[in-house]
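Trainee: Quick one: structure below, then a few questions.
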Amino acid sequence: MVKQPDTSPDLSPRQHARALYWQGWRIARIAELLDEKPSTIHSWKRRDSWDEAGPLERVEGTLEARLIQLIAKDGKEGKDFKEIDLLGRQIERIARVHRYQETGREFDLNPNIHNRNAVPHKKPRKNVVDEEGVERIADAFRESLFDYQRTWWRAGHHQRIRNLLKSRQIGATWYFAREAIVDALQTGKNKIFMSASKAQAHVFRQYIVQFVKEVTGMELRGDPLVLDNGAHLYFLGTNARTAQSYHGDIYMDEYFWIQRFQEFRKVASGMAMHKKWRQTYFSTPSSVSHEAYPFWTGELYNKRRAKADRVEIEVTHAALKQGRACGDGQWRQIVTVEDAIAGGCDLFDLDQLRLEYSQDEFENLLMCQFVDDTLSVFPLAKLQGCMVDSWEVWRDFQPLAARPLGNHEVWLGYDPSGDGEGGDGAGLIALAPSRTREGKHRIVEKIRLRGLDYEQQAERIRKLTQTYNVTFIAVDTTGIGDAVAELVERFFPAVTRIRYTPDVKARLVMKAQNVIDRDRLEFDAGWTDLAQSFMAIRRTMTDGGGQLTYVAGRRADTGHAELAWATMHALYNEPLDGPAGGAGRSMMEIFG
């Protein structure tokens with residue numbers, strides 16, 4: 001007796017025969033069960049390619065036939081619904097197998113993986129400042145302003161281009177950092193901070209992070225800073241020329257010290273081309289020969305226009321003291337240190353500053369007067385070749401590390417009281433020397449010290465010997481320098497003492513000129529005070545009129561340019577004709 005197979009009698013004979021064949025039945029037995037001729041079964045087998053069907057297709061065909069049968073059944077029972085559900089899930093599984101065979105992706109086969117990947121993971125929100133925090137930051141900003149800064153704030157609401165000539169240390173970078181973060185939090189507008197070097201541009205970032213943390217206790221993170229409302233704050237050096245895709249409000253700091261300013265500004269203004277963006281330029285003055293000078297005076301605007309369309313722009317302090325919208329679309333203002341004091345700034349002692357700086361330095365740094373560097377021993381045009389974006393160029397220098405240069409050799413130059421003829425400022429320079437005639441000397445650190453006694457000055461030098469591999473220290477022993485050198489000798493016995501004479505000064509200047517003329521000196525382009533220090537040095541005659549010497553500014557009794565002289569002290573460890581086998585020489589032999 002033939003056992004009845006586990007197939008439904010409601011299937012068509014052809015489907016029934018196929019199901020039996022796939023279950024392993026022989027053609028003769030199938031024909032006998034279905035009461036068909038064996039030749040008919042063979043014909044079905046050949047036409048429907050039963051043998052060519054793979055395992056998956058055989059299972060799929062059987063499931064499909066059974067599911068259709070159950071769906072069409074009248075008077076379904078509970079077991080029928082359970083079987084329909086079971087068969088439906090099996091068909092879904094077979095569909096996933098088909099997708100996996102096509103793609104090879106595991107999540108097409110495994111529904112758990114698919115579901116896990118299909119649900120997007122929400123990234124944690126960053127730099128979130130709630131409405132209350134924004135209000136507190138805005139309030140703190142407004143309450144911290146001096147009168148002249150409130151003028152900048154009002155102009156920012158109505159003027160597309162603000163152009164400020166300003167004294168040093170009156171809080172311009174500090175102010176514009178705060179203005180920018182307040183506006184970014186309130187409006188979601190992007191901000192782009194630009195300067196001669198990336199290190200200098202990051203001063204904006206430091207002010208912003210510090211301000212928000214002081215008010216809210218939260219520390220903004222990231223570079224660029226991306227706020228939760230979508231505003232991006234970028235901090236760029238001169239490599240911004242390649243950042244064509246950025247857009248936002250532009251803040252350009254110390255633009256009178258940027259190399260190739262016209263090229264730099266063209267890219268910068270392109271980032272703020274849309275009418276909703278504004279541009280802010282501010283700087284201490286440098287030289288009238290700088291590329292930015294025609295931009296400040298309006299000469300650049302007039303040069304590009306027909307004679308009938310040119311405008312007269314007065315750029316005197318009297319005309320611009322209160323700020324003025326000019327005919328070329330720029331809003332200009334000059335803010336001297338005296339203006340800042342009149343505007344509520346109580347951070348200065350003018351009498352003391354006049355003692356610390358030469359007349360030329362005082363007028364340039366604090367009274368917004370441009371330098372006439374035609375008589376300078378180190379004109380700006382030559383110094384700009386030394387000014388680089390150190391964060392981009394010096395790959396081996398890690399300024400935030402405990403040992404920024406590792407074991408690289410470093411020379412220190414120290415000038416305790418400028419050129420030795422008065423003043424109480426001190427300059428300390430750390431210089432990474434070149435090892436070849438074609439290599440670069442790099443000034444990796446500069447420190448200006450005010451109001452410290454000789455013990456504190458010596459201690460500051462000692463700390464640098466712990467930060468760098470110091471192999472040479474030169475100290476000017478004029479005045480307080482002799483006491484400093486005596487203390488330095490205790491931890492660095494090979495300290496070199498320098499005693500200024502006209503001949504010594506001439507040798508120092510001659511060596512520095514040689515290094516700069518041969519493009520062998522580099523320092524960060526944001527260090528405008530170092531450039532100003534060099535620019536202040538001029539030739540003059542000794543009091544007796546019999547010998548050439550060098551001083552800083554017109555007033556030899558107070559001029560010093562301490563950072564420049566400190567640099568020259570370090571540079572002179574290299575022989576006049578350049579390095580010989582990488583070794584310097586002892587200046588003890590020169591100066592006694």
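In the structure tokens, the first chain shown is A, the next is B, and so on; residue numbers restart at 1 for each chain, and ligands run from 1 in the order shown.
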Considering only C-alpha atoms, return as an NGL selection string whatever protein or nucleic-acid residues lie within 12 Å of Ala268 (chain A), sequence-local ones (same chain, fewer than 6 positions apart) excluded.
Mentor: :A and (191-195 or 236-252 or 255 or 261-262 or 277-281)
Trainee: DSSP on the backbone, then: every residue of region 64-250 of chain A marked helix (DSSP H, G or I), written as a VMD selection string.
Mentor: chain A and resid 64 to 72 78 to 103 106 to 109 111 to 118 131 to 143 147 to 158 172 to 187 198 to 216 238 to 242
Trainee: Write a file of the selected residues as a CSV table (one decimal), in the first residue's frame, keeping C-alpha atoms.
Mentor:
chain,number,residue,atom,x,y,z
A,64,GLU,CA,3.5,29.7,-1.9
A,65,ALA,CA,1.2,27.0,-3.0
A,66,ARG,CA,0.2,26.1,0.6
A,67,LEU,CA,-0.3,29.7,1.6
A,68,ILE,CA,-2.5,30.5,-1.3
A,69,GLN,CA,-4.6,27.4,-0.5
A,70,LEU,CA,-5.0,28.4,3.1
A,71,ILE,CA,-6.0,32.0,2.2
A,72,ALA,CA,-8.6,30.7,-0.2
A,78,GLY,CA,-7.5,28.7,14.5
A,79,LYS,CA,-4.8,26.3,13.3
A,80,ASP,CA,-5.2,27.7,9.8
A,81,PHE,CA,-4.5,31.2,10.9
A,82,LYS,CA,-1.4,30.0,12.9
A,83,GLU,CA,-0.2,28.3,9.8
A,84,ILE,CA,-0.8,31.3,7.6
A,85,ASP,CA,1.3,33.4,10.0
A,86,LEU,CA,4.0,30.8,10.1
A,87,LEU,CA,4.2,30.6,6.3
A,88,GLY,CA,4.1,34.3,5.9
A,89,ARG,CA,7.1,34.7,8.2
A,90,GLN,CA,9.0,32.0,6.3
A,91,ILE,CA,8.3,33.8,3.0
A,92,GLU,CA,9.8,37.0,4.6
A,93,ARG,CA,12.8,35.1,5.6
A,94,ILE,CA,13.2,33.7,2.1
A,95,ALA,CA,12.9,37.2,0.7
A,96,ARG,CA,15.8,38.3,3.0
A,97,VAL,CA,17.9,35.4,1.7
A,98,HIS,CA,17.3,36.5,-1.8
A,99,ARG,CA,18.5,40.1,-1.0
A,100,TYR,CA,21.5,38.7,0.8
A,101,GLN,CA,22.4,36.7,-2.3
A,102,GLU,CA,22.3,39.8,-4.4
A,103,THR,CA,24.2,42.2,-2.0
A,106,GLU,CA,24.7,40.9,6.5
A,107,PHE,CA,22.0,43.4,7.6
A,108,ASP,CA,19.9,42.2,4.6
A,109,LEU,CA,19.9,38.7,6.1
A,111,PRO,CA,16.7,41.7,10.8
A,112,ASN,CA,18.2,42.6,14.1
A,113,ILE,CA,21.3,44.1,12.4
A,114,HIS,CA,19.1,45.9,9.8
A,115,ASN,CA,16.9,47.4,12.5
A,116,ARG,CA,19.8,48.5,14.6
A,117,ASN,CA,21.5,50.2,11.6
A,118,ALA,CA,18.2,51.6,10.3
A,131,GLU,CA,18.2,80.7,26.2
A,132,GLU,CA,18.9,81.7,29.7
A,133,GLY,CA,22.7,81.2,29.1
A,134,VAL,CA,22.6,83.4,26.0
A,135,GLU,CA,20.8,86.2,27.9
A,136,ARG,CA,23.4,86.0,30.7
A,137,ILE,CA,26.3,86.1,28.2
A,138,ALA,CA,24.7,89.1,26.3
A,139,ASP,CA,24.1,91.0,29.6
A,140,ALA,CA,27.7,90.3,30.8
A,141,PHE,CA,29.0,91.5,27.4
A,142,ARG,CA,27.1,94.8,27.5
A,143,GLU,CA,28.0,95.5,31.1
A,147,ASP,CA,32.4,103.9,26.0
A,148,TYR,CA,34.5,103.5,22.9
A,149,GLN,CA,33.6,99.8,22.7
A,150,ARG,CA,29.9,100.8,22.8
A,151,THR,CA,30.6,102.9,19.7
A,152,TRP,CA,32.0,99.8,18.0
A,153,TRP,CA,28.9,97.9,19.0
A,154,ARG,CA,26.5,100.5,17.6
A,155,ALA,CA,28.5,100.8,14.4
A,156,GLY,CA,28.3,97.0,14.0
A,157,HIS,CA,24.5,97.1,13.7
A,158,HIS,CA,24.5,99.6,10.8
A,172,ALA,CA,40.0,95.4,20.7
A,173,THR,CA,40.6,91.7,20.2
A,174,TRP,CA,39.0,91.0,23.5
A,175,TYR,CA,35.9,93.1,22.6
A,176,PHE,CA,35.4,91.7,19.1
A,177,ALA,CA,35.7,88.1,20.4
A,178,ARG,CA,32.9,88.8,22.8
A,179,GLU,CA,30.8,90.7,20.2
A,180,ALA,CA,31.2,87.8,17.8
A,181,ILE,CA,30.1,85.0,20.2
A,182,VAL,CA,27.1,87.0,21.4
A,183,ASP,CA,25.9,87.6,17.9
A,184,ALA,CA,26.6,84.0,16.9
A,185,LEU,CA,24.6,82.7,19.8
A,186,GLN,CA,21.7,85.0,19.1
A,187,THR,CA,21.6,84.7,15.3
A,198,LYS,CA,47.0,81.0,13.2
A,199,ALA,CA,48.5,81.4,16.7
A,200,GLN,CA,47.4,85.0,16.8
A,201,ALA,CA,43.9,84.1,15.4
A,202,HIS,CA,43.5,81.6,18.2
A,203,VAL,CA,43.7,84.5,20.7
A,204,PHE,CA,40.1,85.1,19.7
A,205,ARG,CA,39.2,81.5,20.5
A,206,GLN,CA,40.8,81.8,23.9
A,207,TYR,CA,38.8,84.9,24.8
A,208,ILE,CA,35.6,83.3,23.6
A,209,VAL,CA,36.0,80.1,25.5
A,210,GLN,CA,37.1,81.9,28.6
A,211,PHE,CA,34.1,84.4,28.5
A,212,VAL,CA,31.5,81.7,28.0
A,213,LYS,CA,33.0,79.6,30.8
A,214,GLU,CA,33.1,82.6,33.2
A,215,VAL,CA,29.4,83.3,32.6
A,216,THR,CA,27.9,79.9,32.3
A,238,THR,CA,47.3,83.3,6.4
A,239,ASN,CA,46.3,79.9,5.0
A,240,ALA,CA,42.8,81.4,4.8
A,241,ARG,CA,43.7,82.2,1.2
A,242,THR,CA,42.8,78.6,0.4
Trainee: Closest to Lys166 (chain A) among A:Val288, A:Val335, A:Leu508, A:Ala19, using only C-alpha atoms?
Mentor: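 Among the listed residues, the smallest separation from Lys166 (chain A) belongs to A:Val335.
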Trainee: I'd like to know which of A:Val515, A:Ile161, A:Cys368, A:Leu33 is closest to Asp577 (chain A), using only C-alpha atoms.
Mentor: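 Between A:Val515, A:Ile161, A:Cys368, A:Leu33, the residue approaching Asp577 (chain A) most closely is A:Val515.
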Trainee: Determine the nearest neighbour of Ile480 (chain A) from the options A:Asp415, A:His317, A:Ile447, A:Thr297, counting only C-alpha atoms.
Mentor: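 Counting only C-alpha atoms, the residue closest to Ile480 (chain A) is A:Asp415.
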Trainee: Residues near Ala401 (chain A), anyone? I mean within 12 Å using only C-alpha atoms, not counting same-chain ones fewer than 5 positions away, as a PyMOL selection string.
Mentor: chain A and resi 396+406+467-468
Trainee: As number ranges by chain, please: every residue in region 20-233 of chain A that a backbone DSSP assignment puts in strand (DSSP E or B).
Mentor: A: 161-166, 191-194, 225-226, 232-233
Trainee: Tell me which protein, DNA and RNA residues are within 8 Å of Leu412 (chain A), counting only C-alpha atoms, leaving out same-chain ones fewer than 6 positions away, and put them as a list in words.
Mentor: Leu428, Ile429, Ala430, Leu431, Val470, Phe472, Ile473, Ala474, His569 and Ala570 of chain A
Trainee: Could you dump the residues just selected with N, CA, C and O atoms as a short mmCIF file (atom, residue, chain, number, x, y, z; two decimals), in the first residue's frame?
Mentor:
data_model
loop_
_atom_site.label_atom_id
_atom_site.label_comp_id
_atom_site.auth_asym_id
_atom_site.auth_seq_id
_atom_site.Cartn_x
_atom_site.Cartn_y
_atom_site.Cartn_z
N LEU A 428 63.33 88.86 26.73
CA LEU A 428 63.95 87.54 26.77
C LEU A 428 63.51 86.77 25.52
O LEU A 428 62.32 86.67 25.23
N ILE A 429 64.48 86.26 24.79
CA ILE A 429 64.23 85.57 23.52
C ILE A 429 64.79 84.16 23.59
O ILE A 429 65.92 83.95 24.05
N ALA A 430 64.00 83.18 23.12
CA ALA A 430 64.48 81.81 22.93
C ALA A 430 64.58 81.56 21.43
O ALA A 430 63.58 81.67 20.71
N LEU A 431 65.77 81.23 20.95
CA LEU A 431 66.02 81.08 19.53
C LEU A 431 66.53 79.68 19.24
O LEU A 431 67.51 79.22 19.84
N VAL A 470 68.85 74.36 26.47
CA VAL A 470 69.59 75.62 26.32
C VAL A 470 71.08 75.35 26.36
O VAL A 470 71.61 74.77 27.31
N PHE A 472 73.26 78.06 25.21
CA PHE A 472 73.93 79.36 25.19
C PHE A 472 73.00 80.40 25.79
O PHE A 472 71.80 80.43 25.50
N ILE A 473 73.54 81.26 26.67
CA ILE A 473 72.78 82.38 27.23
C ILE A 473 73.68 83.61 27.19
O ILE A 473 74.83 83.57 27.65
N ALA A 474 73.15 84.70 26.64
CA ALA A 474 73.89 85.97 26.61
C ALA A 474 73.06 87.03 27.32
O ALA A 474 71.87 87.20 27.03
N HIS A 569 71.43 89.45 20.77
CA HIS A 569 72.35 88.78 21.70
C HIS A 569 72.43 87.29 21.37
O HIS A 569 73.51 86.69 21.37
N ALA A 570 71.27 86.67 21.14
CA ALA A 570 71.25 85.24 20.83
C ALA A 570 71.87 84.96 19.47
O ALA A 570 72.65 84.01 19.30
#
Trainee: Here is a test: counting only C-alpha atoms, which residue of A:Gln15, A:Lys511, A:Lys505, A:Val128 is nearest to Thr542 (chain A)?
Mentor: A:Lys505
Trainee: Give one line per residue of region 381-488 of chain A that approaches region 517-521 of chain A to at most 12 Å, naming the two atoms of the closest pair and their distance in Å to one decimal, counting only C-alpha atoms; sort by chain then ascending residue number and deliver it as JSON lines.
Mentor:
{"residue": "A:Ala381", "atom": "CA", "partner": "A:Asp517", "partner_atom": "CA", "distance": 10.7}
{"residue": "A:Lys382", "atom": "CA", "partner": "A:Asp517", "partner_atom": "CA", "distance": 7.1}
{"residue": "A:Leu383", "atom": "CA", "partner": "A:Leu521", "partner_atom": "CA", "distance": 9.0}
{"residue": "A:Gln384", "atom": "CA", "partner": "A:Asp519", "partner_atom": "CA", "distance": 10.1}
{"residue": "A:Gly385", "atom": "CA", "partner": "A:Asp519", "partner_atom": "CA", "distance": 6.7}
{"residue": "A:Cys386", "atom": "CA", "partner": "A:Leu521", "partner_atom": "CA", "distance": 5.5}
{"residue": "A:Met387", "atom": "CA", "partner": "A:Leu521", "partner_atom": "CA", "distance": 8.5}
{"residue": "A:Val388", "atom": "CA", "partner": "A:Leu521", "partner_atom": "CA", "distance": 9.9}
{"residue": "A:Leu431", "atom": "CA", "partner": "A:Leu521", "partner_atom": "CA", "distance": 9.6}
{"residue": "A:Ala432", "atom": "CA", "partner": "A:Leu521", "partner_atom": "CA", "distance": 10.0}
{"residue": "A:Pro433", "atom": "CA", "partner": "A:Leu521", "partner_atom": "CA", "distance": 9.2}
{"residue": "A:Ser434", "atom": "CA", "partner": "A:Arg520", "partner_atom": "CA", "distance": 8.3}
{"residue": "A:Arg435", "atom": "CA", "partner": "A:Arg520", "partner_atom": "CA", "distance": 11.2}
{"residue": "A:Thr436", "atom": "CA", "partner": "A:Arg520", "partner_atom": "CA", "distance": 10.1}
{"residue": "A:Arg437", "atom": "CA", "partner": "A:Arg520", "partner_atom": "CA", "distance": 8.6}
{"residue": "A:Glu438", "atom": "CA", "partner": "A:Arg520", "partner_atom": "CA", "distance": 7.1}
{"residue": "A:Gly439", "atom": "CA", "partner": "A:Arg520", "partner_atom": "CA", "distance": 6.3}
{"residue": "A:Lys440", "atom": "CA", "partner": "A:Arg520", "partner_atom": "CA", "distance": 4.4}
{"residue": "A:His441", "atom": "CA", "partner": "A:Leu521", "partner_atom": "CA", "distance": 4.8}
{"residue": "A:Arg442", "atom": "CA", "partner": "A:Leu521", "partner_atom": "CA", "distance": 5.9}
{"residue": "A:Ile443", "atom": "CA", "partner": "A:Leu521", "partner_atom": "CA", "distance": 7.7}
{"residue": "A:Val444", "atom": "CA", "partner": "A:Leu521", "partner_atom": "CA", "distance": 11.0}
Trainee: Write the residues of the preceding selection, restricted to N, CA and C atoms, as a tab-separated table (two decimals), in the first residue's frame.
Mentor:
chain	number	residue	atom	x	y	z
A	381	ALA	N	59.66	96.23	5.38
A	381	ALA	CA	59.70	95.43	4.15
A	381	ALA	C	60.63	94.22	4.29
A	382	LYS	N	61.75	94.41	5.01
A	382	LYS	CA	62.67	93.29	5.22
A	382	LYS	C	62.18	92.37	6.33
A	383	LEU	N	61.61	92.93	7.36
A	383	LEU	CA	61.15	92.12	8.48
A	383	LEU	C	60.00	91.20	8.08
A	384	GLN	N	59.18	91.62	7.13
A	384	GLN	CA	58.04	90.79	6.74
A	384	GLN	C	58.48	89.46	6.17
A	385	GLY	N	59.70	89.41	5.61
A	385	GLY	CA	60.22	88.13	5.14
A	385	GLY	C	60.50	87.16	6.27
A	386	CYS	N	60.61	87.69	7.48
A	386	CYS	CA	60.86	86.84	8.65
A	386	CYS	C	59.57	86.33	9.29
A	387	MET	N	58.45	86.95	8.96
A	387	MET	CA	57.19	86.70	9.66
A	387	MET	C	56.44	85.56	9.00
A	388	VAL	N	56.28	84.45	9.73
A	388	VAL	CA	55.66	83.24	9.20
A	388	VAL	C	54.54	82.79	10.11
A	431	LEU	N	65.77	81.23	20.95
A	431	LEU	CA	66.02	81.08	19.53
A	431	LEU	C	66.53	79.68	19.24
A	432	ALA	N	65.84	78.99	18.32
A	432	ALA	CA	66.30	77.67	17.87
A	432	ALA	C	67.23	77.90	16.69
A	433	PRO	N	68.54	77.67	16.85
A	433	PRO	CA	69.49	78.04	15.80
A	433	PRO	C	69.47	77.09	14.62
A	434	SER	N	69.88	77.62	13.49
A	434	SER	CA	70.07	76.80	12.30
A	434	SER	C	71.38	76.02	12.44
A	435	ARG	N	71.42	74.88	11.79
A	435	ARG	CA	72.65	74.07	11.82
A	435	ARG	C	73.45	74.20	10.52
A	436	THR	N	72.88	74.94	9.55
A	436	THR	CA	73.56	75.08	8.27
A	436	THR	C	73.56	76.55	7.84
A	437	ARG	N	74.35	76.86	6.84
A	437	ARG	CA	74.42	78.23	6.34
A	437	ARG	C	73.11	78.66	5.66
A	438	GLU	N	72.38	77.69	5.12
A	438	GLU	CA	71.14	78.01	4.42
A	438	GLU	C	69.91	77.88	5.32
A	439	GLY	N	70.08	77.32	6.51
A	439	GLY	CA	68.95	77.06	7.37
A	439	GLY	C	68.42	78.31	8.06
A	440	LYS	N	67.32	78.15	8.78
A	440	LYS	CA	66.64	79.27	9.42
A	440	LYS	C	66.87	79.25	10.93
A	441	HIS	N	67.11	80.43	11.48
A	441	HIS	CA	67.04	80.63	12.92
A	441	HIS	C	65.57	80.93	13.26
A	442	ARG	N	65.04	80.29	14.28
A	442	ARG	CA	63.63	80.49	14.61
A	442	ARG	C	63.49	81.05	16.03
A	443	ILE	N	62.81	82.15	16.16
A	443	ILE	CA	62.51	82.69	17.49
A	443	ILE	C	61.25	81.99	17.97
A	444	VAL	N	61.40	81.07	18.90
A	444	VAL	CA	60.27	80.23	19.31
A	444	VAL	C	59.55	80.78	20.54
Trainee: Using only C-alpha atoms, which residue out of A:Pro404, A:Gly479, A:Gly188, A:Pro379 lies closest to Gln513 (chain A)?
Mentor: A:Pro379
